[in-house]
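Chemist: Provided herewith is a single structure, encoded as structure tokens, for subsequent inquiry.
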Amino acid sequence: MRILVTGGTGFIGSHLVDRLMEAGHEVLCLDNYYTGSKKNILHWLGHPNFELIRHDVTEPIRLEVEQIYHLACPASPVHYQFNPVKTIKTNVMGTLNMLGLAKRTKARFFLASTSEVYGDPLVHPQTEDYWGNVNPIGIRSCYDEGKRVAETLTFDYHRQNNVNVCVARIFNTYGPRMQVNDGRVVSNFIVQALQGIPLTVYGDGSQTRSFCYVADLVEGFIQLMNSEHQGPINLGNPDEYTVLELAEKIQALINPTAEVQYKPLPSDDPQRRRPDITRARNLLEWQPKIPLMDGLQRTIPDFAERLGVTYNKVVQV
Ligand code: NAD
Ligand code: UDP
Ligand code: UDP
């Protein structure tokens with residue numbers, strides 16, 4: 001099948017590209033390299049089934065494809081807040097263009113949405129029928145509201161133009177190939193512990209997140225895309241940890257004497273987050289398989305290699 005992956009040189013996108021290429025598909029990988037890197041897909045350059053397209057999704061493009069995985073959008077708060085207007089354009093105009101493409105080509109369209117549509121949730125764990133608690137004018141709004149509009153557009157294209165769509169609400173995901181300067185918590189803590197500098201905990205570290213290993217997530221993408229379901233469907237790992245517990249796990253795996261440095265909590269930082277994945281379990285027969293400690297041990301060597309730091313010891317925990 002001929003498949004377009006937007007944001008295909010990014011963290012999750014590049015793992016999805018690997019999975020689709022390994023299954024023998026023809027993959028068009030589209031990216032503007034804002035937070036992605038050619039290095040993530042270098043191993044496919046020259047392969048007859050692979051095509052790399054440098055393009056910004058806010059501009060229209062004509063391609064012939066059968067499936068569209070639409071991931072293009074910076075995901076780390078540091079990067080999506082750097083140019084918030086651009087983040088909104090990417091989510092609104094970018095998603096509009098990809099839906100227009102899906103309408104013309106009759107491709108099935110997959111939107112990479114986010115747990116951020118639930119904002120700072122008042123319902124816990126979060127179910128798909130919860131409408132969220134989102135600040136429309138805060139520093140995270142460009143991303144949260146941008147993704148909410150992207151979901152709205154997706155369902156309106158379905159209702160108005162009969163486009164075949166599905167929406168995944170992705171919860172915090174980690175793994176190899178996150179940029180060293182990505183700024184999200186898992187990559188920050190790993191980089192800091194490997195470099196022997198203090199782990200920066202924002203606030204008192206009591207806020208929670210639920211971390212999914214990237215290979216598990218990508219499997220959920222494929223199952224949703226190849227199902228009949230529209231969603232939205234939560235995809236994430238329901239094992240919930242405080243940020244401080246995450247710091248302790250990374251200390252245990254890399255450097256038990258690494259210090260913790262407390263920094264101010266950014267505004268609108270959600271206090272708790274955990275997916276209810278009953279829908280994914282029932283409709284897709286999907287659930288994550290890789291526990292946090294296993295996933296971290298698969299992730300750390302990749303960071304050590306890119307940082308040029310020796311890492312050969314895992315403390316037994
Ligand atoms: P990432 O920043 O590593 O990847 C995003 C990719 O999109 C990058 O390659 C970037 O260059 C590209 N991109 C950004 N703007 C673009 C534009 N205007 N035109 C073309 N390409 C553009 O992030 P990621 O973690 O791989 O996230 C991928 C998708 O999954 C995003 O849509 C994100 O919102 C969603 N998501 C991720 C997480 C997570 O925990 N990683 C959680 C929820 C949702
Ligand atoms: N679009 C695109 N590629 C296509 C088809 C459409 O980029 O193959 C863009 C198109 O330029 C427009 C958007 O998608 O900006 C929405 O397209 P649609 O046909 O729904 O709306 P219209 O062009 O009628 O405004
Ligand atoms: N965080 C932290 N230290 C860091 C980076 C993030 O304590 O160096 C916290 C952040 O305040 C948030 C949680 O970790 O409470 C997850 O942040 P991330 O940016 O990874 O994702 P998101 O907030 O979008 O879920």
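Ligands are numbered from 1 in the order shown, chains are lettered A, B, ... in the order of the structure tokens, and residues start at 1 in each chain.
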What residues have any atom no more than 7 Å from ligand 1 when counting only C-alpha atoms and all ligand atoms, and can you list them as a PyMOL selection string?

Modeler: chain A and resi 6-13+30-37+55-58+71-76+90+94+112-115+169-174+178

Chemist: Counting only C-alpha atoms and all ligand atoms, what are the residues, protein, DNA or RNA alike, that approach ligand 3 to within 9 Å? I want them as a compact mmCIF listing (two decimals) with all heavy atoms, in the first residue's frame.

Modeler:
```txt
# COMPACT_ATOMS: atom_id res chain seq x y z
N ALA A 75 5.80 18.33 19.42
CA ALA A 75 5.05 17.74 20.53
C ALA A 75 5.58 18.17 21.90
O ALA A 75 4.86 18.08 22.89
CB ALA A 75 5.10 16.22 20.42
N SER A 76 6.81 18.62 21.96
CA SER A 76 7.37 19.02 23.26
C SER A 76 6.94 20.46 23.58
O SER A 76 7.01 21.34 22.72
CB SER A 76 8.89 18.96 23.19
OG SER A 76 9.43 19.73 24.24
N PRO A 77 6.50 20.70 24.84
CA PRO A 77 6.10 22.07 25.20
C PRO A 77 7.18 23.11 24.84
O PRO A 77 6.85 24.20 24.36
CB PRO A 77 5.88 21.98 26.71
CG PRO A 77 5.46 20.56 26.94
CD PRO A 77 6.24 19.75 25.95
N VAL A 78 8.43 22.79 25.01
CA VAL A 78 9.51 23.74 24.69
C VAL A 78 9.43 24.15 23.22
O VAL A 78 9.51 25.34 22.88
CB VAL A 78 10.89 23.11 24.97
CG1 VAL A 78 12.01 24.05 24.55
CG2 VAL A 78 11.02 22.71 26.43
N SER A 115 -3.56 13.53 24.50
CA SER A 115 -4.20 13.61 25.82
C SER A 115 -4.37 15.07 26.25
O SER A 115 -5.15 15.34 27.17
CB SER A 115 -3.35 12.88 26.85
OG SER A 115 -2.02 13.36 26.82
N GLU A 116 -3.65 15.99 25.62
CA GLU A 116 -3.77 17.41 25.96
C GLU A 116 -5.16 17.95 25.66
O GLU A 116 -5.52 19.02 26.15
CB GLU A 116 -2.74 18.24 25.19
CG GLU A 116 -1.31 17.96 25.59
CD GLU A 116 -0.91 18.58 26.91
OE1 GLU A 116 -1.37 19.69 27.23
OE2 GLU A 116 -0.15 17.93 27.64
N ARG A 140 -0.05 26.84 26.84
CA ARG A 140 -0.17 25.53 26.21
C ARG A 140 -1.30 25.50 25.17
O ARG A 140 -1.47 24.51 24.45
CB ARG A 140 -0.46 24.44 27.26
CG ARG A 140 0.67 24.21 28.25
CD ARG A 140 0.25 23.22 29.31
NE ARG A 140 0.39 21.84 28.89
CZ ARG A 140 1.43 21.05 29.22
NH1 ARG A 140 2.40 21.49 29.96
NH2 ARG A 140 1.48 19.81 28.78
N PHE A 171 -1.08 9.47 24.65
CA PHE A 171 -0.56 9.92 25.96
C PHE A 171 0.97 9.87 25.92
O PHE A 171 1.56 9.28 25.01
CB PHE A 171 -1.14 9.04 27.07
CG PHE A 171 -2.59 9.36 27.39
CD1 PHE A 171 -3.60 9.17 26.45
CD2 PHE A 171 -2.94 9.88 28.62
CE1 PHE A 171 -4.92 9.48 26.73
CE2 PHE A 171 -4.26 10.19 28.92
CZ PHE A 171 -5.26 10.00 27.98
N ASN A 172 1.60 10.45 26.92
CA ASN A 172 3.07 10.61 26.95
C ASN A 172 3.80 9.36 26.49
O ASN A 172 3.62 8.29 27.07
CB ASN A 172 3.54 10.97 28.36
CG ASN A 172 2.99 12.31 28.82
OD1 ASN A 172 1.77 12.47 28.95
ND2 ASN A 172 3.86 13.26 29.05
N THR A 173 4.62 9.54 25.47
CA THR A 173 5.34 8.43 24.85
C THR A 173 6.83 8.74 24.85
O THR A 173 7.23 9.89 24.71
CB THR A 173 4.81 8.22 23.42
OG1 THR A 173 3.41 7.91 23.51
CG2 THR A 173 5.51 7.10 22.70
N TYR A 174 7.65 7.68 25.00
CA TYR A 174 9.10 7.89 25.07
C TYR A 174 9.78 6.73 24.35
O TYR A 174 9.15 5.70 24.07
CB TYR A 174 9.57 7.94 26.54
CG TYR A 174 9.43 6.59 27.21
CD1 TYR A 174 10.52 5.72 27.33
CD2 TYR A 174 8.18 6.14 27.66
CE1 TYR A 174 10.37 4.46 27.89
CE2 TYR A 174 8.03 4.88 28.21
CZ TYR A 174 9.13 4.05 28.32
OH TYR A 174 8.98 2.79 28.85
N ASP A 182 15.05 17.72 23.23
CA ASP A 182 13.59 17.69 23.06
C ASP A 182 12.88 18.49 24.16
O ASP A 182 11.89 19.17 23.90
CB ASP A 182 13.11 16.23 23.07
CG ASP A 182 11.61 16.10 22.89
OD1 ASP A 182 10.89 16.19 23.90
OD2 ASP A 182 11.16 15.91 21.75
N GLY A 183 13.36 18.37 25.39
CA GLY A 183 12.79 19.17 26.48
C GLY A 183 11.71 18.46 27.27
O GLY A 183 11.25 18.97 28.29
N ARG A 184 11.27 17.26 26.80
CA ARG A 184 10.26 16.55 27.58
C ARG A 184 10.95 15.80 28.72
O ARG A 184 12.16 15.63 28.75
CB ARG A 184 9.46 15.61 26.68
CG ARG A 184 8.41 16.38 25.91
CD ARG A 184 7.65 15.54 24.92
NE ARG A 184 8.39 15.33 23.69
CZ ARG A 184 7.91 14.71 22.63
NH1 ARG A 184 6.70 14.21 22.66
NH2 ARG A 184 8.64 14.57 21.54
N VAL A 185 10.13 15.33 29.68
CA VAL A 185 10.70 14.91 30.95
C VAL A 185 11.59 13.67 30.83
O VAL A 185 12.66 13.63 31.43
CB VAL A 185 9.58 14.73 32.01
CG1 VAL A 185 8.65 13.58 31.69
CG2 VAL A 185 10.17 14.61 33.39
N VAL A 186 11.18 12.67 30.04
CA VAL A 186 11.98 11.44 29.99
C VAL A 186 13.35 11.74 29.38
O VAL A 186 14.39 11.36 29.93
CB VAL A 186 11.25 10.32 29.21
CG1 VAL A 186 12.14 9.10 29.07
CG2 VAL A 186 9.94 9.96 29.88
N SER A 187 13.35 12.45 28.25
CA SER A 187 14.64 12.74 27.61
C SER A 187 15.48 13.67 28.47
O SER A 187 16.69 13.47 28.61
CB SER A 187 14.42 13.30 26.21
OG SER A 187 13.46 14.33 26.22
N ASN A 188 14.87 14.67 29.09
CA ASN A 188 15.65 15.56 29.96
C ASN A 188 16.33 14.77 31.08
O ASN A 188 17.54 14.93 31.30
CB ASN A 188 14.75 16.63 30.61
CG ASN A 188 14.60 17.87 29.74
OD1 ASN A 188 15.09 17.90 28.62
ND2 ASN A 188 13.94 18.88 30.26
N PHE A 189 15.57 13.92 31.78
CA PHE A 189 16.15 13.19 32.92
C PHE A 189 17.26 12.25 32.45
O PHE A 189 18.30 12.13 33.10
CB PHE A 189 15.06 12.40 33.66
CG PHE A 189 14.15 13.24 34.53
CD1 PHE A 189 13.10 12.64 35.22
CD2 PHE A 189 14.32 14.61 34.68
CE1 PHE A 189 12.23 13.39 36.02
CE2 PHE A 189 13.47 15.38 35.47
CZ PHE A 189 12.42 14.76 36.15
N GLN A 192 20.32 14.35 31.51
CA GLN A 192 20.93 14.93 32.70
C GLN A 192 21.68 13.86 33.50
O GLN A 192 22.82 14.07 33.93
CB GLN A 192 19.85 15.60 33.56
CG GLN A 192 19.32 16.87 32.91
CD GLN A 192 17.94 17.31 33.42
OE1 GLN A 192 17.24 16.55 34.09
NE2 GLN A 192 17.54 18.53 33.08
N LEU A 199 18.96 16.41 37.95
CA LEU A 199 17.70 16.19 37.24
C LEU A 199 16.74 17.32 37.60
O LEU A 199 16.49 17.57 38.79
CB LEU A 199 17.08 14.85 37.65
CG LEU A 199 17.56 13.60 36.91
CD1 LEU A 199 19.07 13.44 36.97
CD2 LEU A 199 16.89 12.35 37.47
N THR A 200 16.22 18.02 36.60
CA THR A 200 15.36 19.19 36.85
C THR A 200 13.91 18.75 37.04
O THR A 200 13.23 18.39 36.08
CB THR A 200 15.43 20.16 35.65
OG1 THR A 200 15.17 19.41 34.45
CG2 THR A 200 16.80 20.82 35.55
N VAL A 201 13.45 18.78 38.28
CA VAL A 201 12.06 18.44 38.59
C VAL A 201 11.28 19.75 38.71
O VAL A 201 11.64 20.62 39.49
CB VAL A 201 11.96 17.63 39.90
CG1 VAL A 201 10.51 17.49 40.35
CG2 VAL A 201 12.60 16.26 39.71
N TYR A 202 10.23 19.89 37.90
CA TYR A 202 9.43 21.11 37.94
C TYR A 202 8.35 20.96 39.02
O TYR A 202 7.68 19.93 39.09
CB TYR A 202 8.77 21.38 36.58
CG TYR A 202 9.76 21.53 35.42
CD1 TYR A 202 9.33 21.39 34.10
CD2 TYR A 202 11.11 21.81 35.64
CE1 TYR A 202 10.22 21.52 33.03
CE2 TYR A 202 12.01 21.93 34.58
CZ TYR A 202 11.55 21.78 33.28
OH TYR A 202 12.42 21.90 32.23
N GLY A 203 8.18 22.01 39.81
CA GLY A 203 7.24 21.94 40.93
C GLY A 203 7.80 21.01 41.99
O GLY A 203 9.03 20.85 42.12
N ASP A 204 6.89 20.33 42.74
CA ASP A 204 7.39 19.41 43.78
C ASP A 204 7.49 17.98 43.26
O ASP A 204 7.82 17.06 44.01
CB ASP A 204 6.51 19.48 45.04
CG ASP A 204 5.05 19.05 44.75
OD1 ASP A 204 4.77 18.59 43.63
OD2 ASP A 204 4.22 19.18 45.66
N GLY A 205 7.19 17.78 41.97
CA GLY A 205 7.33 16.45 41.36
C GLY A 205 6.18 15.51 41.69
O GLY A 205 6.25 14.32 41.40
N SER A 206 5.11 16.04 42.28
CA SER A 206 3.99 15.16 42.64
C SER A 206 3.01 14.99 41.49
O SER A 206 2.11 14.15 41.55
CB SER A 206 3.25 15.72 43.86
OG SER A 206 2.64 16.95 43.51
N GLN A 207 3.16 15.81 40.42
CA GLN A 207 2.27 15.66 39.26
C GLN A 207 2.55 14.31 38.60
O GLN A 207 3.68 13.81 38.66
CB GLN A 207 2.44 16.82 38.27
CG GLN A 207 3.73 16.89 37.49
CD GLN A 207 4.85 17.65 38.23
OE1 GLN A 207 4.94 17.62 39.43
NE2 GLN A 207 5.72 18.30 37.46
N THR A 208 1.51 13.72 37.99
CA THR A 208 1.68 12.39 37.42
C THR A 208 1.57 12.40 35.89
O THR A 208 0.93 13.27 35.30
CB THR A 208 0.62 11.40 37.96
OG1 THR A 208 -0.67 11.78 37.45
CG2 THR A 208 0.60 11.38 39.47
N ARG A 209 2.23 11.40 35.30
CA ARG A 209 2.08 11.10 33.88
C ARG A 209 2.12 9.58 33.74
O ARG A 209 2.60 8.88 34.62
CB ARG A 209 3.22 11.71 33.04
CG ARG A 209 3.27 13.24 33.00
CD ARG A 209 2.09 13.85 32.26
NE ARG A 209 2.24 15.30 32.09
CZ ARG A 209 1.83 16.21 32.98
NH1 ARG A 209 1.26 15.82 34.11
NH2 ARG A 209 1.98 17.50 32.74
N SER A 210 1.69 9.08 32.59
CA SER A 210 1.66 7.64 32.32
C SER A 210 2.44 7.45 31.02
O SER A 210 2.05 7.99 29.99
CB SER A 210 0.22 7.18 32.16
OG SER A 210 -0.51 7.60 33.28
N THR A 242 4.46 9.49 39.50
CA THR A 242 4.75 10.91 39.72
C THR A 242 6.06 11.22 39.00
O THR A 242 6.87 10.31 38.72
CB THR A 242 4.92 11.24 41.22
OG1 THR A 242 6.09 10.58 41.70
CG2 THR A 242 3.70 10.82 42.04
N VAL A 243 6.27 12.50 38.73
CA VAL A 243 7.52 12.91 38.08
C VAL A 243 8.71 12.54 38.97
O VAL A 243 9.77 12.11 38.47
CB VAL A 243 7.45 14.42 37.73
CG1 VAL A 243 8.82 14.98 37.43
CG2 VAL A 243 6.50 14.64 36.56
N LEU A 244 8.53 12.64 40.27
CA LEU A 244 9.60 12.28 41.20
C LEU A 244 9.92 10.78 41.13
O LEU A 244 11.08 10.37 41.18
CB LEU A 244 9.20 12.68 42.62
CG LEU A 244 10.30 13.19 43.54
CD1 LEU A 244 11.23 14.20 42.88
CD2 LEU A 244 9.68 13.81 44.80
N ALA A 247 12.01 10.24 38.14
CA ALA A 247 13.39 10.66 38.41
C ALA A 247 14.12 9.56 39.17
O ALA A 247 15.26 9.21 38.84
CB ALA A 247 13.39 11.97 39.21
N TYR A 262 15.05 21.30 42.05
CA TYR A 262 13.65 21.70 41.87
C TYR A 262 13.58 23.04 41.14
O TYR A 262 14.33 23.95 41.45
CB TYR A 262 12.95 21.78 43.23
CG TYR A 262 12.75 20.40 43.81
CD1 TYR A 262 13.70 19.84 44.68
CD2 TYR A 262 11.64 19.64 43.48
CE1 TYR A 262 13.54 18.57 45.19
CE2 TYR A 262 11.47 18.35 43.98
CZ TYR A 262 12.42 17.82 44.84
OH TYR A 262 12.26 16.55 45.33
N LYS A 263 12.69 23.12 40.16
CA LYS A 263 12.50 24.35 39.37
C LYS A 263 11.02 24.70 39.38
O LYS A 263 10.18 23.83 39.65
CB LYS A 263 12.96 24.12 37.93
CG LYS A 263 14.45 23.86 37.82
CD LYS A 263 14.98 24.45 36.54
CE LYS A 263 16.49 24.58 36.57
NZ LYS A 263 17.03 25.22 35.42
N PRO A 264 10.67 25.94 39.05
CA PRO A 264 9.25 26.31 39.10
C PRO A 264 8.41 25.49 38.12
O PRO A 264 8.87 25.12 37.04
CB PRO A 264 9.25 27.79 38.67
CG PRO A 264 10.66 28.24 38.79
CD PRO A 264 11.54 27.06 38.65
N LEU A 265 7.17 25.22 38.55
CA LEU A 265 6.23 24.49 37.69
C LEU A 265 5.73 25.42 36.59
O LEU A 265 5.25 26.52 36.90
CB LEU A 265 5.06 24.00 38.55
CG LEU A 265 4.08 23.03 37.91
CD1 LEU A 265 4.74 21.68 37.66
CD2 LEU A 265 2.85 22.85 38.81
N PRO A 266 5.84 25.04 35.31
CA PRO A 266 5.31 25.92 34.24
C PRO A 266 3.80 26.11 34.40
O PRO A 266 3.12 25.24 34.96
CB PRO A 266 5.61 25.13 32.96
CG PRO A 266 6.58 24.07 33.33
CD PRO A 266 6.39 23.79 34.79
N SER A 267 3.26 27.21 33.89
CA SER A 267 1.83 27.45 34.08
C SER A 267 1.00 26.45 33.27
O SER A 267 1.43 25.96 32.22
CB SER A 267 1.45 28.89 33.74
OG SER A 267 1.61 29.12 32.38
N ASP A 269 0.43 23.44 33.84
CA ASP A 269 0.96 22.07 33.79
C ASP A 269 -0.08 21.12 34.39
O ASP A 269 -0.44 21.26 35.56
CB ASP A 269 2.26 22.02 34.61
CG ASP A 269 3.13 20.85 34.25
OD1 ASP A 269 2.89 19.74 34.77
OD2 ASP A 269 4.06 21.03 33.45
N PRO A 270 -0.59 20.15 33.61
CA PRO A 270 -1.62 19.25 34.16
C PRO A 270 -1.12 18.49 35.40
O PRO A 270 0.02 18.03 35.42
CB PRO A 270 -1.91 18.30 33.00
CG PRO A 270 -1.52 19.06 31.77
CD PRO A 270 -0.34 19.88 32.19
N GLN A 271 -1.98 18.37 36.40
CA GLN A 271 -1.60 17.76 37.67
C GLN A 271 -1.59 16.24 37.60
O GLN A 271 -0.74 15.59 38.20
CB GLN A 271 -2.56 18.26 38.76
CG GLN A 271 -2.16 17.92 40.19
CD GLN A 271 -0.72 18.32 40.53
OE1 GLN A 271 -0.25 19.37 40.13
NE2 GLN A 271 -0.01 17.43 41.23
N ARG A 272 -2.54 15.65 36.84
CA ARG A 272 -2.61 14.18 36.78
C ARG A 272 -2.97 13.78 35.35
O ARG A 272 -3.72 14.48 34.67
CB ARG A 272 -3.74 13.66 37.67
CG ARG A 272 -3.66 14.11 39.08
CD ARG A 272 -4.92 13.68 39.82
NE ARG A 272 -4.90 12.26 40.15
CZ ARG A 272 -5.94 11.59 40.65
NH1 ARG A 272 -7.09 12.19 40.81
NH2 ARG A 272 -5.83 10.31 40.94
N ARG A 273 -2.44 12.65 34.94
CA ARG A 273 -2.82 12.17 33.61
C ARG A 273 -2.65 10.66 33.51
O ARG A 273 -1.56 10.14 33.76
CB ARG A 273 -1.98 12.86 32.54
CG ARG A 273 -2.49 12.56 31.17
CD ARG A 273 -1.63 13.16 30.11
NE ARG A 273 -1.75 14.59 30.02
CZ ARG A 273 -0.78 15.37 29.58
NH1 ARG A 273 0.36 14.85 29.23
NH2 ARG A 273 -0.96 16.67 29.51
```

Chemist: Write out as a Markdown table a residue-level contact list of chain A versus ligand 2 with cut-off 8 Å: for each qualifying residue the closest pair of atoms and the distance in Å to one decimal, counting only C-alpha atoms and all ligand atoms, rows sorted by chain and residue number upward.

Modeler:
```
| residue | atom | partner | partner_atom_place_in_ligand_line | distance |
| --- | --- | --- | --- | --- |
| A:Val57 | CA | ligand 2 | 7 (O) | 8.0 |
| A:Glu59 | CA | ligand 2 | 7 (O) | 6.6 |
| A:Pro60 | CA | ligand 2 | 7 (O) | 3.1 |
| A:Ile61 | CA | ligand 2 | 7 (O) | 4.1 |
| A:Arg62 | CA | ligand 2 | 8 (O) | 4.1 |
| A:Leu63 | CA | ligand 2 | 8 (O) | 6.1 |
| A:Glu64 | CA | ligand 2 | 8 (O) | 7.9 |
| A:Met93 | CA | ligand 2 | 15 (O) | 7.5 |
| A:Leu96 | CA | ligand 2 | 13 (C) | 5.2 |
| A:Asn97 | CA | ligand 2 | 14 (O) | 3.3 |
| A:Met98 | CA | ligand 2 | 14 (O) | 6.1 |
| A:Leu99 | CA | ligand 2 | 14 (O) | 6.2 |
| A:Gly100 | CA | ligand 2 | 14 (O) | 3.5 |
| A:Leu101 | CA | ligand 2 | 4 (C) | 3.6 |
| A:Ala102 | CA | ligand 2 | 8 (O) | 7.2 |
| A:Lys103 | CA | ligand 2 | 20 (O) | 6.6 |
| A:Arg104 | CA | ligand 2 | 5 (C) | 5.5 |
| A:Thr105 | CA | ligand 2 | 8 (O) | 6.9 |
| A:Tyr157 | CA | ligand 2 | 20 (O) | 7.7 |
```

Chemist: Output C-alpha atoms for every residue in the selection just made, as an mmCIF file, in the first residue's frame.

Modeler:
```cif
data_model
loop_
_atom_site.group_PDB
_atom_site.id
_atom_site.type_symbol
_atom_site.label_atom_id
_atom_site.label_comp_id
_atom_site.auth_asym_id
_atom_site.auth_seq_id
_atom_site.Cartn_x
_atom_site.Cartn_y
_atom_site.Cartn_z
ATOM 1 C CA VAL A 57 2.004 20.857 5.822
ATOM 2 C CA GLU A 59 1.134 24.534 2.301
ATOM 3 C CA PRO A 60 -1.055 22.420 -0.012
ATOM 4 C CA ILE A 61 0.476 19.412 -1.747
ATOM 5 C CA ARG A 62 -0.779 16.931 -4.341
ATOM 6 C CA LEU A 63 0.190 13.300 -3.808
ATOM 7 C CA GLU A 64 -1.474 9.974 -4.606
ATOM 8 C CA MET A 93 -4.012 24.673 8.150
ATOM 9 C CA LEU A 96 -7.012 21.014 6.707
ATOM 10 C CA ASN A 97 -4.584 20.367 3.840
ATOM 11 C CA MET A 98 -4.099 16.736 4.781
ATOM 12 C CA LEU A 99 -7.874 16.265 5.046
ATOM 13 C CA GLY A 100 -8.264 17.911 1.631
ATOM 14 C CA LEU A 101 -5.702 15.444 0.306
ATOM 15 C CA ALA A 102 -7.598 12.543 1.934
ATOM 16 C CA LYS A 103 -10.867 13.790 0.407
ATOM 17 C CA ARG A 104 -9.390 13.955 -3.108
ATOM 18 C CA THR A 105 -7.540 10.641 -2.954
ATOM 19 C CA TYR A 157 -14.592 16.300 6.976
#
```

Chemist: Grab the CA of Asn133 (chain A) to CA of Gly146 (chain A) distance for me, in Å with one decimal place.

Modeler: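 Pair CA of Asn133 (chain A) / CA of Gly146 (chain A) returns 14.4 Å.
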
Chemist: Using only C-alpha atoms, find the one residue out of A:Met293, A:Val65, A:Ile277, A:Leu111 that sits nearest to Pro125 (chain A).

Modeler: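 Using only C-alpha atoms, the shortest distance to Pro125 (chain A) belongs to A:Ile277.
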
Chemist: Set the distance at 10 Å and use only C-alpha atoms: which residues neighbour region 222-233 of chain A once local chain neighbours fewer than 3 positions away are removed? I'd like the list as an MDAnalysis selection string.

Modeler: chainID A and resid 16 19:20 67:69 108:111 113:114 127:129 151 154:155 158 164:170 217:219 236 275:281 283:286

Chemist: Using only C-alpha atoms, please write the residues we just selected to a file, as a PDB file, in the first residue's frame.

Modeler:
```pdb
ATOM      1  CA  LEU A  16       6.123   4.313  12.379  1.00  0.00           C
ATOM      2  CA  ARG A  19       7.283  -0.436  11.019  1.00  0.00           C
ATOM      3  CA  LEU A  20       5.527   0.316   7.675  1.00  0.00           C
ATOM      4  CA  GLN A  67      -3.483   5.968   3.806  1.00  0.00           C
ATOM      5  CA  ILE A  68      -2.389   9.154   5.610  1.00  0.00           C
ATOM      6  CA  TYR A  69      -0.873   9.114   9.093  1.00  0.00           C
ATOM      7  CA  ARG A 108      -8.062   6.734   5.102  1.00  0.00           C
ATOM      8  CA  PHE A 109      -6.903   9.564   7.394  1.00  0.00           C
ATOM      9  CA  PHE A 110      -5.340   9.032  10.858  1.00  0.00           C
ATOM     10  CA  LEU A 111      -4.967  12.044  13.162  1.00  0.00           C
ATOM     11  CA  SER A 113      -4.221  13.816  18.555  1.00  0.00           C
ATOM     12  CA  THR A 114      -3.237  14.046  22.187  1.00  0.00           C
ATOM     13  CA  THR A 127     -12.074   8.408  29.154  1.00  0.00           C
ATOM     14  CA  GLU A 128     -12.734   9.441  25.558  1.00  0.00           C
ATOM     15  CA  ASP A 129     -16.165  10.861  26.376  1.00  0.00           C
ATOM     16  CA  GLU A 151     -10.111  16.814  15.818  1.00  0.00           C
ATOM     17  CA  THR A 154     -11.400  15.651  11.115  1.00  0.00           C
ATOM     18  CA  PHE A 155     -14.938  14.842  12.214  1.00  0.00           C
ATOM     19  CA  HIS A 158     -16.065  12.923   7.804  1.00  0.00           C
ATOM     20  CA  ASN A 164     -12.693   7.941   6.079  1.00  0.00           C
ATOM     21  CA  VAL A 165     -11.071   9.087   9.344  1.00  0.00           C
ATOM     22  CA  CYS A 166      -9.740   7.925  12.681  1.00  0.00           C
ATOM     23  CA  VAL A 167      -8.378   9.803  15.691  1.00  0.00           C
ATOM     24  CA  ALA A 168      -5.887   8.534  18.275  1.00  0.00           C
ATOM     25  CA  ARG A 169      -5.463  10.469  21.529  1.00  0.00           C
ATOM     26  CA  ILE A 170      -1.856   9.762  22.378  1.00  0.00           C
ATOM     27  CA  LEU A 217       2.236   2.989  20.618  1.00  0.00           C
ATOM     28  CA  VAL A 218       3.110   2.384  16.955  1.00  0.00           C
ATOM     29  CA  GLU A 219       1.420  -1.026  17.141  1.00  0.00           C
ATOM     30  CA  GLY A 236      -1.163   5.099  26.089  1.00  0.00           C
ATOM     31  CA  PRO A 275      -5.511   6.979  30.036  1.00  0.00           C
ATOM     32  CA  ASP A 276      -8.521   4.757  30.403  1.00  0.00           C
ATOM     33  CA  ILE A 277      -7.747   2.315  27.574  1.00  0.00           C
ATOM     34  CA  THR A 278     -10.898   0.192  27.809  1.00  0.00           C
ATOM     35  CA  ARG A 279     -11.928   1.307  24.291  1.00  0.00           C
ATOM     36  CA  ALA A 280      -8.565   0.347  22.750  1.00  0.00           C
ATOM     37  CA  ARG A 281      -8.628  -2.989  24.584  1.00  0.00           C
ATOM     38  CA  LEU A 283     -12.211  -2.421  19.932  1.00  0.00           C
ATOM     39  CA  LEU A 284      -8.598  -2.970  18.831  1.00  0.00           C
ATOM     40  CA  GLU A 285      -7.529  -5.720  21.236  1.00  0.00           C
ATOM     41  CA  TRP A 286      -4.554  -3.490  21.905  1.00  0.00           C
TER      42      TRP A 286
END
```

Chemist: If you run DSSP on the backbone, which residues of region 114-151 of chain A are strand (DSSP E or B), as a PyMOL selection string?

Modeler: chain A and resi 114+119+126+133

Chemist: Using only C-alpha atoms, can you tell me which of A:Ala258, A:Asp144, A:Asp18, A:Asn181 comes closest to Gln81 (chain A)?

Modeler: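 Ranking A:Ala258, A:Asp144, A:Asp18, A:Asn181 by distance to Gln81 (chain A), first place goes to A:Asp144.
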
Chemist: Just how far from CA of Phe211 (chain A) is CA of Ala150 (chain A), in Å to one decimal?

Modeler: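 Between these atoms lies a distance of 23.5 Å.
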